[in-house]
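See below for target.tsv, which holds TSV, C-alpha atoms.
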chain	number	residue	atom	x	y	z
O	70	MET	CA	7.91	4.18	41.50
O	71	PRO	CA	4.66	3.18	39.73
O	72	GLU	CA	2.25	5.91	38.73
O	73	PRO	CA	-1.21	6.04	40.30
O	74	SER	CA	-3.78	4.20	38.19
O	75	GLY	CA	-5.59	7.46	37.23
O	76	ALA	CA	-2.38	8.98	35.82
O	77	GLN	CA	-1.55	6.06	33.53
O	78	GLU	CA	-2.17	6.55	29.85
O	79	THR	CA	-4.82	4.35	28.26
O	80	ALA	CA	-3.49	1.74	25.85
O	81	PHE	CA	-6.74	1.42	23.89
O	82	LEU	CA	-9.23	3.85	22.35
O	83	ASN	CA	-12.79	3.20	21.27
O	84	LEU	CA	-13.85	4.20	17.76
O	85	PRO	CA	-14.92	7.82	18.49
O	86	ARG	CA	-11.79	8.52	20.54
O	87	ALA	CA	-9.53	6.84	17.95
O	88	ALA	CA	-11.11	9.02	15.25
O	89	GLU	CA	-10.45	12.10	17.37
O	90	TYR	CA	-6.86	10.91	17.94
O	91	LEU	CA	-6.35	10.60	14.17
O	92	GLY	CA	-8.16	13.86	13.42
O	93	ILE	CA	-10.84	12.28	11.25
O	94	SER	CA	-14.57	11.75	11.62
O	95	PRO	CA	-15.84	8.64	13.39
O	96	ASN	CA	-17.86	7.84	10.25
O	97	THR	CA	-14.68	7.76	8.14
O	98	LEU	CA	-13.01	5.40	10.60
O	99	TYR	CA	-16.14	3.22	10.67
O	100	VAL	CA	-16.18	3.01	6.83
O	101	TRP	CA	-12.45	2.20	6.74
O	102	ARG	CA	-13.01	-0.59	9.28
O	103	HIS	CA	-15.91	-1.94	7.24
O	104	ARG	CA	-13.75	-1.94	4.07
O	105	ARG	CA	-10.74	-3.33	5.98
O	106	GLN	CA	-8.50	-0.51	4.83
O	107	GLY	CA	-7.87	1.57	7.95
O	108	PRO	CA	-5.81	0.99	11.06
O	109	PRO	CA	-6.07	-2.42	12.74
O	110	SER	CA	-8.91	-2.79	15.22
O	111	PHE	CA	-10.51	-5.51	17.31
O	112	ARG	CA	-13.58	-6.15	19.41
O	113	MET	CA	-13.38	-5.99	23.17
O	114	GLY	CA	-16.78	-7.29	24.18
O	115	ARG	CA	-19.26	-5.23	22.16
O	116	ARG	CA	-16.87	-2.32	21.57
O	117	VAL	CA	-14.56	-1.75	18.63
O	118	MET	CA	-11.16	-0.83	20.03
O	119	TYR	CA	-7.88	0.48	18.63
O	120	ARG	CA	-4.48	0.06	20.25
O	121	ILE	CA	-2.73	3.47	20.37
O	122	THR	CA	0.59	1.96	19.32
O	123	ALA	CA	-1.12	0.36	16.29
O	124	LEU	CA	-2.63	3.74	15.33
O	125	ASP	CA	0.80	5.40	15.53
O	126	GLU	CA	2.38	2.61	13.48
O	127	TRP	CA	-0.40	2.81	10.87
O	128	VAL	CA	0.13	6.58	10.51
O	129	CYS	CA	3.88	6.01	10.01
O	130	ASP	CA	3.11	3.39	7.35
O	131	GLN	CA	0.85	5.90	5.58
O	132	GLU	CA	3.64	8.50	5.63
O	133	ARG	CA	6.17	6.04	4.19
O	134	ALA	CA	3.75	5.03	1.42
O	135	ASP	CA	3.07	8.64	0.35
O	136	SER	CA	5.39	10.00	-2.34
O	137	ARG	CA	5.05	13.54	-0.97
O	138	SER	CA	6.65	12.59	2.34
O	139	ASN	CA	8.92	9.79	1.09
O	140	ARG	CA	11.52	11.15	-1.33
O	141	ALA	CA	12.37	7.64	-2.55
O	142	LEU	CA	8.85	7.30	-4.00
O	143	ASP	CA	8.82	10.74	-5.63
O	144	PRO	CA	8.45	10.19	-9.40
O	145	LEU	CA	10.45	13.36	-10.07
O	146	ASN	CA	13.52	11.73	-8.50
O	147	ARG	CA	13.47	8.80	-10.94
O	148	LYS	CA	15.44	8.64	-14.14
O	149	PRO	CA	13.36	8.89	-17.31
O	150	GLN	CA	12.48	5.54	-18.81
O	151	ARG	CA	13.16	4.76	-22.44
O	152	ARG	CA	10.27	3.76	-24.58
O	153	SER	CA	10.46	0.29	-25.97
O	154	ARG	CA	10.63	0.02	-29.73
O	155	THR	CA	7.62	-1.94	-30.85
O	156	ALA	CA	6.31	-2.39	-34.36
O	157	ARG	CA	3.25	-0.37	-35.12

Starting from the file, lay out its structure as structure tokens.
Amino acid sequence: MPEPSGAQETAFLNLPRAAEYLGISPNTLYVWRHRRQGPPSFRMGRRVMYRITALDEWVCDQERADSRSNRALDPLNRKPQRRSRTAR
């Protein structure tokens, strides 16, 4: 049975609500958007919007890229590298 329209979860968030969702300031999210380094966004009319699924995926990508949460990237888990012998 379909849920009433008021009970459905929104698929998109505007910039202030996306910032709240991520736990950062709207200014930080605005700067990231300007530098093209934050989560993917798009314009819907005059508003900047973020798809919730894209925000969740972006957060997961950030976790995978961080050596503190991804053991495979932890430099302490790597074997020591040998120095190359070069003439001085």

Within 9 Å of stretch 85-95 of chain O, counting all atoms listed in the file, which residues show up once you throw out same-chain ones fewer than 2 positions away? Write them as a compact mmCIF listing (two decimals) with C-alpha atoms, in the frame of the given file, please.
# COMPACT_ATOMS: atom_id res chain seq x y z
CA PHE O 81 -6.74 1.42 23.89
CA LEU O 82 -9.23 3.85 22.35
CA ASN O 83 -12.79 3.20 21.27
CA THR O 97 -14.68 7.76 8.14
CA LEU O 98 -13.01 5.40 10.60
CA TYR O 99 -16.14 3.22 10.67
CA VAL O 100 -16.18 3.01 6.83
CA MET O 118 -11.16 -0.83 20.03
CA TYR O 119 -7.88 0.48 18.63
CA ARG O 120 -4.48 0.06 20.25
CA ILE O 121 -2.73 3.47 20.37
CA LEU O 124 -2.63 3.74 15.33
CA ASP O 125 0.80 5.40 15.53
CA VAL O 128 0.13 6.58 10.51

* To do: Go through O:Ala141, O:Asp135, O:Val117, O:Glu126 and flag the residue nearest O:His103, using only C-alpha atoms for the distances.
  =>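 Closest candidate: O:Val117.
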
* Choose the residue, out of O:Arg147, O:Arg133, O:Arg154, O:Arg102, that has the smallest atom-to-atom separation from O:Leu84; count all atoms listed in the file. =>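 Smallest separation from O:Leu84 among the options: O:Arg102.
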
* Between atom CA of O:Gly107 and atom CA of O:Ala123, distance in Å (one decimal) ->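 Going from atom CA of O:Gly107 over to atom CA of O:Ala123, I get 10.8 Å.
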
* In Å, how far is it from atom CA of O:Trp127 to atom CA of O:Arg112? ->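 For atom CA of O:Trp127 relative to atom CA of O:Arg112, the distance reads 18.1 Å.
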
* **Coordinates-based distance that separates atom CA of O:Arg104 from atom CA of O:Glu132 (Å, one decimal)** =>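 Spanning atom CA of O:Glu132 to atom CA of O:Arg104 is a straight-line distance of 20.3 Å.
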
Determine the axis-aligned bounding box of all atoms of stretch 132-135 of chain O present in the file, pad each side by 4 Å, and express its centre and edge lengths in Å to one decimal place as lines of an AutoDock Vina configuration file.
center_x = 4.6
center_y = 6.8
center_z = 3.0
size_x = 11.1
size_y = 11.6
size_z = 13.3

Please fill the gaps in stretch 105-116 of chain O so it has all heavy atoms, and write that as a PDB file, in the coordinates of the input.
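Result went into rebuild-v1.pdb, see below:
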ATOM      1  N   ARG O 105     -12.028  -2.730   5.576  1.00  0.00           N
ATOM      2  CA  ARG O 105     -10.740  -3.330   5.980  1.00  0.00           C
ATOM      3  C   ARG O 105      -9.554  -2.609   5.376  1.00  0.00           C
ATOM      4  O   ARG O 105      -8.606  -3.212   4.891  1.00  0.00           O
ATOM      5  CB  ARG O 105     -10.702  -4.816   5.616  1.00  0.00           C
ATOM      6  CG  ARG O 105     -11.777  -5.607   6.302  1.00  0.00           C
ATOM      7  CD  ARG O 105     -11.815  -7.018   5.812  1.00  0.00           C
ATOM      8  NE  ARG O 105     -13.021  -7.669   6.270  1.00  0.00           N
ATOM      9  CZ  ARG O 105     -13.031  -8.686   7.111  1.00  0.00           C
ATOM     10  NH1 ARG O 105     -11.921  -9.183   7.551  1.00  0.00           N
ATOM     11  NH2 ARG O 105     -14.176  -9.205   7.492  1.00  0.00           N
ATOM     12  N   GLN O 106      -9.594  -1.269   5.403  1.00  0.00           N
ATOM     13  CA  GLN O 106      -8.500  -0.510   4.830  1.00  0.00           C
ATOM     14  C   GLN O 106      -7.890   0.497   5.799  1.00  0.00           C
ATOM     15  O   GLN O 106      -6.934   1.159   5.458  1.00  0.00           O
ATOM     16  CB  GLN O 106      -8.946   0.190   3.548  1.00  0.00           C
ATOM     17  CG  GLN O 106     -10.029   1.197   3.711  1.00  0.00           C
ATOM     18  CD  GLN O 106     -10.526   1.764   2.405  1.00  0.00           C
ATOM     19  OE1 GLN O 106     -11.697   2.017   2.273  1.00  0.00           O
ATOM     20  NE2 GLN O 106      -9.675   1.971   1.454  1.00  0.00           N
ATOM     21  N   GLY O 107      -8.396   0.613   6.978  1.00  0.00           N
ATOM     22  CA  GLY O 107      -7.870   1.570   7.950  1.00  0.00           C
ATOM     23  C   GLY O 107      -6.924   0.908   8.922  1.00  0.00           C
ATOM     24  O   GLY O 107      -6.400  -0.186   8.673  1.00  0.00           O
ATOM     25  N   PRO O 108      -6.701   1.563  10.045  1.00  0.00           N
ATOM     26  CA  PRO O 108      -5.810   0.990  11.060  1.00  0.00           C
ATOM     27  C   PRO O 108      -6.413  -0.280  11.658  1.00  0.00           C
ATOM     28  O   PRO O 108      -7.638  -0.445  11.659  1.00  0.00           O
ATOM     29  CB  PRO O 108      -5.705   2.104  12.106  1.00  0.00           C
ATOM     30  CG  PRO O 108      -6.871   2.986  11.875  1.00  0.00           C
ATOM     31  CD  PRO O 108      -7.238   2.860  10.440  1.00  0.00           C
ATOM     32  N   PRO O 109      -5.568  -1.171  12.165  1.00  0.00           N
ATOM     33  CA  PRO O 109      -6.070  -2.420  12.740  1.00  0.00           C
ATOM     34  C   PRO O 109      -6.918  -2.161  13.986  1.00  0.00           C
ATOM     35  O   PRO O 109      -6.609  -1.297  14.803  1.00  0.00           O
ATOM     36  CB  PRO O 109      -4.798  -3.199  13.095  1.00  0.00           C
ATOM     37  CG  PRO O 109      -3.700  -2.208  13.095  1.00  0.00           C
ATOM     38  CD  PRO O 109      -4.112  -1.070  12.223  1.00  0.00           C
ATOM     39  N   SER O 110      -7.995  -2.919  14.087  1.00  0.00           N
ATOM     40  CA  SER O 110      -8.910  -2.790  15.220  1.00  0.00           C
ATOM     41  C   SER O 110      -9.339  -4.177  15.665  1.00  0.00           C
ATOM     42  O   SER O 110      -9.075  -5.169  14.988  1.00  0.00           O
ATOM     43  CB  SER O 110     -10.127  -1.962  14.820  1.00  0.00           C
ATOM     44  OG  SER O 110     -10.830  -2.594  13.774  1.00  0.00           O
ATOM     45  N   PHE O 111     -10.013  -4.237  16.792  1.00  0.00           N
ATOM     46  CA  PHE O 111     -10.510  -5.510  17.310  1.00  0.00           C
ATOM     47  C   PHE O 111     -11.700  -5.238  18.207  1.00  0.00           C
ATOM     48  O   PHE O 111     -11.956  -4.096  18.597  1.00  0.00           O
ATOM     49  CB  PHE O 111      -9.404  -6.266  18.063  1.00  0.00           C
ATOM     50  CG  PHE O 111      -8.900  -5.521  19.264  1.00  0.00           C
ATOM     51  CD1 PHE O 111      -9.407  -5.789  20.524  1.00  0.00           C
ATOM     52  CD2 PHE O 111      -7.925  -4.543  19.137  1.00  0.00           C
ATOM     53  CE1 PHE O 111      -8.945  -5.097  21.641  1.00  0.00           C
ATOM     54  CE2 PHE O 111      -7.462  -3.849  20.230  1.00  0.00           C
ATOM     55  CZ  PHE O 111      -7.970  -4.126  21.494  1.00  0.00           C
ATOM     56  N   ARG O 112     -12.442  -6.279  18.509  1.00  0.00           N
ATOM     57  CA  ARG O 112     -13.580  -6.150  19.410  1.00  0.00           C
ATOM     58  C   ARG O 112     -13.151  -6.528  20.823  1.00  0.00           C
ATOM     59  O   ARG O 112     -12.457  -7.515  21.038  1.00  0.00           O
ATOM     60  CB  ARG O 112     -14.720  -7.054  18.974  1.00  0.00           C
ATOM     61  CG  ARG O 112     -15.426  -6.542  17.753  1.00  0.00           C
ATOM     62  CD  ARG O 112     -16.837  -7.100  17.718  1.00  0.00           C
ATOM     63  NE  ARG O 112     -17.609  -6.419  16.708  1.00  0.00           N
ATOM     64  CZ  ARG O 112     -18.344  -5.330  16.929  1.00  0.00           C
ATOM     65  NH1 ARG O 112     -18.399  -4.802  18.121  1.00  0.00           N
ATOM     66  NH2 ARG O 112     -19.031  -4.773  15.960  1.00  0.00           N
ATOM     67  N   MET O 113     -13.571  -5.701  21.759  1.00  0.00           N
ATOM     68  CA  MET O 113     -13.380  -5.990  23.170  1.00  0.00           C
ATOM     69  C   MET O 113     -14.801  -6.009  23.745  1.00  0.00           C
ATOM     70  O   MET O 113     -15.377  -4.955  24.003  1.00  0.00           O
ATOM     71  CB  MET O 113     -12.520  -4.924  23.844  1.00  0.00           C
ATOM     72  CG  MET O 113     -12.156  -5.257  25.270  1.00  0.00           C
ATOM     73  SD  MET O 113     -11.152  -3.964  26.064  1.00  0.00           S
ATOM     74  CE  MET O 113      -9.594  -4.139  25.256  1.00  0.00           C
ATOM     75  N   GLY O 114     -15.371  -7.195  23.826  1.00  0.00           N
ATOM     76  CA  GLY O 114     -16.780  -7.290  24.180  1.00  0.00           C
ATOM     77  C   GLY O 114     -17.604  -6.795  22.999  1.00  0.00           C
ATOM     78  O   GLY O 114     -17.465  -7.267  21.885  1.00  0.00           O
ATOM     79  N   ARG O 115     -18.427  -5.789  23.229  1.00  0.00           N
ATOM     80  CA  ARG O 115     -19.260  -5.230  22.160  1.00  0.00           C
ATOM     81  C   ARG O 115     -18.615  -4.007  21.512  1.00  0.00           C
ATOM     82  O   ARG O 115     -19.129  -3.487  20.539  1.00  0.00           O
ATOM     83  CB  ARG O 115     -20.621  -4.843  22.730  1.00  0.00           C
ATOM     84  CG  ARG O 115     -21.372  -6.058  23.281  1.00  0.00           C
ATOM     85  CD  ARG O 115     -22.667  -5.659  23.898  1.00  0.00           C
ATOM     86  NE  ARG O 115     -23.646  -5.458  22.829  1.00  0.00           N
ATOM     87  CZ  ARG O 115     -24.793  -4.862  22.990  1.00  0.00           C
ATOM     88  NH1 ARG O 115     -25.128  -4.373  24.167  1.00  0.00           N
ATOM     89  NH2 ARG O 115     -25.625  -4.731  21.983  1.00  0.00           N
ATOM     90  N   ARG O 116     -17.515  -3.542  22.071  1.00  0.00           N
ATOM     91  CA  ARG O 116     -16.870  -2.320  21.570  1.00  0.00           C
ATOM     92  C   ARG O 116     -15.789  -2.610  20.547  1.00  0.00           C
ATOM     93  O   ARG O 116     -15.061  -3.586  20.664  1.00  0.00           O
ATOM     94  CB  ARG O 116     -16.201  -1.564  22.725  1.00  0.00           C
ATOM     95  CG  ARG O 116     -17.123  -1.040  23.753  1.00  0.00           C
ATOM     96  CD  ARG O 116     -16.312  -0.280  24.752  1.00  0.00           C
ATOM     97  NE  ARG O 116     -17.111   0.114  25.889  1.00  0.00           N
ATOM     98  CZ  ARG O 116     -16.653   0.814  26.893  1.00  0.00           C
ATOM     99  NH1 ARG O 116     -15.388   1.173  26.903  1.00  0.00           N
ATOM    100  NH2 ARG O 116     -17.431   1.149  27.884  1.00  0.00           N
TER     101      ARG O 116
END
